[in-house]
Amino acid sequence: FTAFWPIGLPAYLVILKTISSDFILIAKLINILLSNGLIIICYLILKDHLSTRTINIFLIIFTFFPNNLFSSNIILTDYPFLFFIWLGILILYKIKYKPSIILSTLLGISFALASYLRPIGIPLAIMFFVILLFKNYPSSIKSSIVMLTAFILILLPWSIRNFNLF
């Protein structure tokens with residue numbers, strides 16, 4: 001019944017356990033760093049679209065929102081998932097101004113890592129593939145193919161596991 005569920009939190013904690021025996025503390029610290037990174041990413045995305053006052057108000061509210069400060073899900077995958085999704089959005093903005101194979105690869109990797117944490121990452125990656133494909137058609141075909149290839153290659157172990165198991 002778990003064939004299409006992502007590996008998510010158990011794999012995340014197992015990877016952290018190989019780093020340290022106090023993997024819960026490591027997960028909390030990484031989630032704090034990812035939460036801070038999410039704030040920086042939101043700033044980088046919104047700075048060109050909002051006034052300075054508006055973005056400051058948004059970032060203060062986002063930073064001190066009770067769910068962010070007092071979250072009981074501190075070791076869960078909420079923060080890493082949001083970080084990878086918003087990182088993908090930031091990379092897509094960067095690709096808009098300066099297309100690059102490296103950025104397209106990072107976009108695919110970002111959405112693949114998000115998909116490992118939450119299954120909604122898969123349809124989101126497909127939506128971003130379509131957006132990237134038709135953004136500057138036909139010059140964006142290469143970027144979208146590179147993004148999709150990186151996405152599939154990163155998700156390939158999960159796909160092979162599901163194929164072999166089921």
# chains A, B, ... in the order shown; residues from 1 in each chain; ligands from 1

call {"tool": "closest_atom_pairs", "arguments": {"of": "segment 101-121 of chain A", "to": "segment 125-129 of chain A", "cutoff": "10 Å", "atoms": "only C-alpha atoms", "output": "JSON lines"}}
result
{"residue": "A:Ser104", "atom": "CA", "partner": "A:Phe129", "partner_atom": "CA", "distance": 9.9}
{"residue": "A:Leu107", "atom": "CA", "partner": "A:Ala125", "partner_atom": "CA", "distance": 8.9}
{"residue": "A:Gly108", "atom": "CA", "partner": "A:Ala125", "partner_atom": "CA", "distance": 7.6}
{"residue": "A:Ser110", "atom": "CA", "partner": "A:Ala125", "partner_atom": "CA", "distance": 9.2}
{"residue": "A:Phe111", "atom": "CA", "partner": "A:Ala125", "partner_atom": "CA", "distance": 5.7}
{"residue": "A:Ala112", "atom": "CA", "partner": "A:Ala125", "partner_atom": "CA", "distance": 7.8}
{"residue": "A:Ala114", "atom": "CA", "partner": "A:Ala125", "partner_atom": "CA", "distance": 9.2}
{"residue": "A:Ser115", "atom": "CA", "partner": "A:Ala125", "partner_atom": "CA", "distance": 8.4}
{"residue": "A:Ile120", "atom": "CA", "partner": "A:Ala125", "partner_atom": "CA", "distance": 8.7}
{"residue": "A:Gly121", "atom": "CA", "partner": "A:Ala125", "partner_atom": "CA", "distance": 6.0}

call {"tool": "residues_around", "arguments": {"residues": "Tyr79 of chain A", "least_positions_apart": "6", "cutoff": "8 Å", "atoms": "only C-alpha atoms", "output": "count of residues only"}}
result
3

call {"tool": "closest_residue", "arguments": {"among": "A:Val146, A:Leu87, A:Leu155, A:Ile160", "to": "Leu38 of chain A", "atoms": "only C-alpha atoms"}}
result
A:Leu87

call {"tool": "select_by_dssp", "arguments": {"residues": "chain A", "states": "alpha helix (DSSP H)", "output": "PyMOL selection string"}}
result
chain A and resi 8-19+23-46+52-63+66-69+78-97+101-117+121-135+141-165

call {"tool": "closest_residue", "arguments": {"among": "A:Leu124, A:Leu59, A:Ile24, A:Leu132", "to": "Tyr93 of chain A", "atoms": "only C-alpha atoms"}}
result
A:Leu132

call {"tool": "atom_distance", "arguments": {"atom1": "atom CA of Ile154 of chain A", "atom2": "atom CA of Asn36 of chain A"}}
result
25.3 Å

call {"tool": "atom_distance", "arguments": {"atom1": "atom CA of Leu44 of chain A", "atom2": "atom CA of Lys96 of chain A"}}
result
14.3 Å

call {"tool": "closest_residue", "arguments": {"among": "A:Phe151, A:Ile32, A:Phe58, A:Ile131", "to": "Phe83 of chain A", "atoms": "only C-alpha atoms"}}
result
A:Ile32

call {"tool": "residues_around", "arguments": {"residues": "Leu103 of chain A", "least_positions_apart": "5", "cutoff": "10 Å", "atoms": "only C-alpha atoms", "output": "list in words"}}
result
Gly88, Ile91, Leu92, Lys94, Ile95, Lys98, Gly108, Ile109, Ser143, Val146 and Met147 of chain A

call {"tool": "residues_around", "arguments": {"residues": "Thr77 of chain A", "least_positions_apart": "3", "cutoff": "12 Å", "atoms": "only C-alpha atoms", "output": "number ranges by chain"}}
result
A: 6-13, 27-28, 30-32, 34-35, 71-74, 80-84, 113-119
